[in-house]
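Data block for run_24.pdb (PDB, C-alpha atoms and all ligand atoms):
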```pdb
ATOM      1  CA  MET A   1     201.238  91.157 121.643
ATOM      2  CA  GLY A   2     200.001  94.103 119.683
ATOM      3  CA  ILE A   3     197.991  91.843 117.414
ATOM      4  CA  LEU A   4     196.580  89.874 120.348
ATOM      5  CA  PHE A   5     195.576  93.068 122.124
ATOM      6  CA  THR A   6     193.982  94.366 118.973
ATOM      7  CA  ARG A   7     191.995  91.167 118.623
ATOM      8  CA  ILE A   8     190.824  91.188 122.252
ATOM      9  CA  TRP A   9     189.954  94.878 122.014
ATOM     10  CA  ARG A  10     187.881  94.210 118.923
ATOM     11  CA  LEU A  11     186.228  91.205 120.506
ATOM     12  CA  PHE A  12     184.926  93.212 123.435
ATOM     13  CA  ASN A  13     184.459  96.609 121.917
ATOM     14  CA  HIS A  14     183.673  96.487 118.261
ATOM     15  CA  GLN A  15     181.963  93.681 116.464
ATOM     16  CA  GLU A  16     183.216  93.252 112.937
ATOM     17  CA  HIS A  17     180.686  92.598 110.201
ATOM     18  CA  LYS A  18     181.650  90.641 107.151
ATOM     19  CA  VAL A  19     180.543  91.928 103.771
ATOM     20  CA  ILE A  20     180.980  89.838 100.639
ATOM     21  CA  ILE A  21     180.709  91.673  97.337
ATOM     22  CA  VAL A  22     179.685  89.424  94.468
ATOM     23  CA  GLY A  23     178.390  90.211  91.020
ATOM     24  CA  LEU A  24     179.122  89.943  87.338
ATOM     25  CA  ASP A  25     182.511  90.939  85.996
ATOM     26  CA  ASN A  26     182.852  94.595  85.044
ATOM     27  CA  ALA A  27     179.909  95.512  87.312
ATOM     28  CA  GLY A  28     182.044  97.914  89.346
ATOM     29  CA  LYS A  29     182.587  95.920  92.563
ATOM     30  CA  THR A  30     186.249  96.868  93.020
ATOM     31  CA  THR A  31     185.484 100.480  92.187
ATOM     32  CA  ILE A  32     182.792 100.479  94.868
ATOM     33  CA  LEU A  33     185.120  98.856  97.432
ATOM     34  CA  PHE A  34     187.801 101.505  96.953
ATOM     35  CA  GLN A  35     185.265 104.318  96.990
ATOM     36  CA  PHE A  36     184.319 103.043 100.442
ATOM     37  CA  SER A  37     187.858 102.595 101.715
ATOM     38  CA  MET A  38     189.704 105.490 100.042
ATOM     39  CA  ASN A  39     186.899 107.758  98.914
ATOM     40  CA  GLU A  40     188.329 107.918  95.418
ATOM     41  CA  VAL A  41     188.085 106.228  92.040
ATOM     42  CA  VAL A  42     190.975 103.851  91.496
ATOM     43  CA  HIS A  43     192.107 102.373  88.216
ATOM     44  CA  THR A  44     191.006  98.732  88.288
ATOM     45  CA  SER A  45     191.745  95.602  86.337
ATOM     46  CA  PRO A  46     189.627  92.449  86.484
ATOM     47  CA  THR A  47     189.927  90.921  89.940
ATOM     48  CA  ILE A  48     191.508  87.492  90.124
ATOM     49  CA  GLY A  49     191.020  86.160  93.648
ATOM     50  CA  SER A  50     189.853  88.936  95.951
ATOM     51  CA  ASN A  51     190.545  92.292  97.591
ATOM     52  CA  VAL A  52     189.777  92.908 101.232
ATOM     53  CA  GLU A  53     189.458  96.233 103.043
ATOM     54  CA  GLU A  54     188.391  97.155 106.553
ATOM     55  CA  ILE A  55     185.999 100.078 106.712
ATOM     56  CA  VAL A  56     185.047 101.747 109.986
ATOM     57  CA  ILE A  57     181.919 103.865 110.218
ATOM     58  CA  ASN A  58     180.811 105.273 113.570
ATOM     59  CA  ASN A  59     182.818 102.616 115.442
ATOM     60  CA  THR A  60     181.207  99.880 113.371
ATOM     61  CA  ARG A  61     183.724  97.743 111.532
ATOM     62  CA  PHE A  62     183.015  96.153 108.196
ATOM     63  CA  LEU A  63     185.426  93.712 106.634
ATOM     64  CA  MET A  64     184.618  93.911 102.945
ATOM     65  CA  TRP A  65     185.644  91.140 100.573
ATOM     66  CA  ASP A  66     185.512  91.977  96.888
ATOM     67  CA  THR A  67     185.542  88.902  94.652
ATOM     68  CA  GLY A  68     186.287  88.433  90.969
ATOM     69  CA  GLY A  69     183.180  88.203  88.828
ATOM     70  CA  GLN A  70     184.473  86.421  85.736
ATOM     71  CA  GLU A  71     182.531  83.268  84.921
ATOM     72  CA  SER A  72     185.427  80.932  85.733
ATOM     73  CA  LEU A  73     185.749  82.501  89.198
ATOM     74  CA  ARG A  74     182.096  82.397  90.249
ATOM     75  CA  SER A  75     182.257  78.821  91.532
ATOM     76  CA  SER A  76     184.712  80.010  94.206
ATOM     77  CA  TRP A  77     182.342  82.657  95.619
ATOM     78  CA  ASN A  78     180.952  80.211  98.147
ATOM     79  CA  THR A  79     184.361  79.809  99.785
ATOM     80  CA  TYR A  80     183.962  83.367 101.063
ATOM     81  CA  TYR A  81     180.736  82.462 102.825
ATOM     82  CA  THR A  82     182.304  79.764 104.984
ATOM     83  CA  ASN A  83     183.217  81.934 107.950
ATOM     84  CA  THR A  84     180.430  84.436 107.547
ATOM     85  CA  GLU A  85     178.520  84.712 110.807
ATOM     86  CA  ASP A  86     175.184  83.120 110.395
ATOM     87  CA  LEU A  87     174.592  83.608 106.666
ATOM     88  CA  ARG A  88     170.963  82.713 107.197
ATOM     89  CA  LYS A  89     170.485  86.129 108.791
ATOM     90  CA  ALA A  90     172.550  87.957 106.196
ATOM     91  CA  GLY A  91     171.064  90.991 104.519
ATOM     92  CA  LEU A  92     171.268  91.525 100.803
ATOM     93  CA  LEU A  93     172.187  94.933  99.410
ATOM     94  CA  ILE A  94     171.999  95.218  95.644
ATOM     95  CA  PHE A  95     173.808  98.135  94.066
ATOM     96  CA  ALA A  96     172.300  99.050  90.699
ATOM     97  CA  ASN A  97     175.590 100.571  89.561
ATOM     98  CA  LYS A  98     176.477 102.587  86.462
ATOM     99  CA  GLN A  99     173.356 104.700  86.604
ATOM    100  CA  ASP A 100     175.291 107.301  84.626
ATOM    101  CA  VAL A 101     175.324 105.023  81.578
ATOM    102  CA  GLU A 102     172.705 105.918  79.028
ATOM    103  CA  GLU A 103     169.960 103.303  78.781
ATOM    104  CA  CYS A 104     171.083 101.558  81.973
ATOM    105  CA  MET A 105     168.420  99.471  83.702
ATOM    106  CA  THR A 106     166.449 101.230  86.396
ATOM    107  CA  VAL A 107     166.077  99.977  89.959
ATOM    108  CA  ALA A 108     162.538  98.861  89.126
ATOM    109  CA  GLU A 109     163.675  96.908  86.066
ATOM    110  CA  ILE A 110     166.515  95.196  87.920
ATOM    111  CA  SER A 111     164.193  94.331  90.834
ATOM    112  CA  GLN A 112     161.816  92.701  88.415
ATOM    113  CA  VAL A 113     164.473  90.705  86.548
ATOM    114  CA  LEU A 114     166.054  89.491  89.785
ATOM    115  CA  LYS A 115     162.582  88.806  91.282
ATOM    116  CA  LEU A 116     163.605  90.606  94.453
ATOM    117  CA  THR A 117     160.088  90.780  95.838
ATOM    118  CA  SER A 118     160.052  86.981  96.032
ATOM    119  CA  ILE A 119     162.839  87.077  98.637
ATOM    120  CA  LYS A 120     161.049  86.595 101.942
ATOM    121  CA  ASP A 121     163.713  85.014 104.126
ATOM    122  CA  HIS A 122     166.344  87.769 103.970
ATOM    123  CA  GLN A 123     166.159  91.493 104.346
ATOM    124  CA  TRP A 124     167.128  93.134 101.095
ATOM    125  CA  HIS A 125     167.483  96.573  99.620
ATOM    126  CA  ILE A 126     168.287  97.801  96.134
ATOM    127  CA  GLN A 127     170.162 101.066  95.708
ATOM    128  CA  ALA A 128     170.834 103.008  92.540
ATOM    129  CA  CYS A 129     174.403 104.261  92.391
ATOM    130  CA  CYS A 130     177.290 105.485  90.309
ATOM    131  CA  ALA A 131     180.621 104.280  91.683
ATOM    132  CA  LEU A 132     182.531 106.826  89.608
ATOM    133  CA  THR A 133     180.939 109.783  91.374
ATOM    134  CA  GLY A 134     180.082 107.951  94.608
ATOM    135  CA  GLU A 135     176.424 108.877  94.238
ATOM    136  CA  GLY A 136     174.163 106.416  96.097
ATOM    137  CA  LEU A 137     176.957 104.570  97.886
ATOM    138  CA  CYS A 138     176.389 106.281 101.252
ATOM    139  CA  GLN A 139     172.688 105.453 101.090
ATOM    140  CA  GLY A 140     173.626 101.794 100.641
ATOM    141  CA  LEU A 141     175.885 101.944 103.676
ATOM    142  CA  GLU A 142     173.158 103.670 105.674
ATOM    143  CA  TRP A 143     170.836 100.776 104.946
ATOM    144  CA  MET A 144     173.500  98.344 106.172
ATOM    145  CA  MET A 145     173.927 100.387 109.361
ATOM    146  CA  SER A 146     170.170 100.610 109.945
ATOM    147  CA  ARG A 147     169.880  96.827 109.716
ATOM    148  CA  LEU A 148     172.456  96.400 112.472
ATOM    149  CA  LYS A 149     170.473  98.668 114.791
ATOM    150  CA  ILE A 150     167.228  96.747 114.419
ATOM    151  CA  ARG A 151     168.706  93.258 114.737
TER     152      ARG A 151
HETATM  153  N1  LIG A 201     180.343 104.541  83.700
HETATM  154  C1  LIG A 201     180.630 103.895  84.817
HETATM  155  N2  LIG A 201     181.682 103.069  84.858
HETATM  156  C2  LIG A 201     181.936 102.434  86.029
HETATM  157  C3  LIG A 201     181.144 102.619  87.189
HETATM  158  N3  LIG A 201     181.642 101.838  88.172
HETATM  159  C4  LIG A 201     182.701 101.208  87.650
HETATM  160  N4  LIG A 201     182.895 101.570  86.367
HETATM  161  C5  LIG A 201     183.936 101.101  85.433
HETATM  162  O1  LIG A 201     183.676  99.748  85.096
HETATM  163  C6  LIG A 201     184.899  99.045  84.898
HETATM  164  C7  LIG A 201     184.940  97.805  85.757
HETATM  165  O2  LIG A 201     184.968  98.170  87.113
HETATM  166  P1  LIG A 201     185.520  97.166  88.232
HETATM  167  O3  LIG A 201     185.298  97.843  89.545
HETATM  168  O4  LIG A 201     186.901  96.723  87.928
HETATM  169  O5  LIG A 201     184.516  95.939  88.042
HETATM  170  P2  LIG A 201     184.465  94.587  88.858
HETATM  171  O6  LIG A 201     183.033  94.301  89.135
HETATM  172  O7  LIG A 201     185.365  94.663  90.043
HETATM  173  O8  LIG A 201     185.014  93.519  87.809
HETATM  174  P3  LIG A 201     185.671  92.061  88.107
HETATM  175  O9  LIG A 201     186.796  92.294  89.084
HETATM  176  O10 LIG A 201     186.167  91.557  86.794
HETATM  177  O11 LIG A 201     184.591  91.200  88.674
HETATM  178  C8  LIG A 201     186.015 100.043  85.212
HETATM  179  O12 LIG A 201     186.475 100.593  84.002
HETATM  180  C9  LIG A 201     185.330 101.095  86.058
HETATM  181  O13 LIG A 201     185.934 102.361  85.974
HETATM  182  C10 LIG A 201     180.015 103.513  87.107
HETATM  183  O14 LIG A 201     179.258 103.736  88.049
HETATM  184  N5  LIG A 201     179.822 104.108  85.905
HETATM  185 MG    MG A 202     187.037  93.592  90.587
END
```
Take the structure in the file and write it out as structure tokens.
Ligand SMILES: Nc1nc2c(ncn2[C@@H]2O[C@H](COP(=O)(O)OP(=O)(O)OP(=O)(O)O)[C@@H](O)[C@H]2O)c(=O)[nH]1
Ligand SMILES: [Mg+2]
Amino acid sequence: MGILFTRIWRLFNHQEHKVIIVGLDNAGKTTILFQFSMNEVVHTSPTIGSNVEEIVINNTRFLMWDTGGQESLRSSWNTYYTNTEDLRKAGLLIFANKQDVEECMTVAEISQVLKLTSIKDHQWHIQACCALTGEGLCQGLEWMMSRLKIR
């Protein structure tokens, strides 16, 4: 009953937005997820399968799926897209993480390598960040929130 009520309540009151975090292994995806959900740096080991956390910001619910980035796991990423509401309208947020590392690539360099400006059919945004300090993560979330308002 409790679960049913919760589901109905969510259905009518708070839409839940699905977020799928993909990227190369060791990029910092799990660290970013737990910065969002717990506001702290957790000790991570390479993700096998996935982690999922619900994050609520100003009554907006995000269900965030963090996937393993090792090469052998990448072919399973698309299974996380299956139930994503209308992926064709999905936005793309790229975190340029580990900006604290000396000689890391800049946002401009990463944009160029990934040819981000050629993406015309999805809204996208690239955000410099450091998951260890949390710097830049809020700005990424703000972009996600701003997208929801203008849709
Ligand atoms: N210097 C630095 N290290 C970071 C940063 N973010 C994450 N790390 C470290 O990078 C390592 C890998 O982080 P994870 O979050 O486990 O990486 P992942 O992308 O989830 O890796 P997979 O689960 O294998 O795909 C850990 O030792 C983190 O502490 C960052 O911004 N700067
Ligand atoms: Mg991980």
Carefully work through the PyMOL selection byres (((chain A and resi 33) around 9) and not hetatm) for this structure and note down the residues it includes, as a VMD selection string. chain A and resid 21 28 to 32 34 to 38 51 to 53 64 to 66
By how many Å are CA of Gln70 (chain A) and atom P2 of ligand LIG 201 (chain A) apart?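 It comes out at 8.7 Å.
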For the PyMOL selection byres (((chain A and resi 104-115) around 12) and not hetatm), applied here, can you spell out every residue it catches as a list in words?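 After applying the PyMOL selection byres (((chain A and resi 104-115) around 12) and not hetatm), what remains is Ala27, Leu93, Ile94, Phe95, Ala96, Asn97, Lys98, Gln99, Asp100, Val101, Glu102, Glu103, Leu116, Thr117, Ser118, Ile119, Lys120, Trp124, His125, Ile126, Gln127, Ala128, Cys129 and Cys130 of chain A.
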Return as JSON the centre and edge lengths, in Å with one decimal, of the box along x, y and z that encloses every atom of ligand LIG 201 (chain A) in the file, padded by 3 Å per side.
```
{"center_x": 183.1, "center_y": 97.9, "center_z": 86.9, "size_x": 13.6, "size_y": 19.3, "size_z": 12.3}
```
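Here the question is which of A:Tyr81, A:Thr67, A:Phe62, A:Leu132 gets nearest to Leu148 (chain A) using all atoms listed in the file, and that residue is A:Phe62.
By all atoms listed in the file, and with residues fewer than 2 positions from Leu63 (chain A) along its chain excluded, the set lying at most 8 Å from it is Glu16, His17, Lys18, Val19, Val52, Glu53, Glu54, Ile55, Arg61 and Trp65 of chain A.
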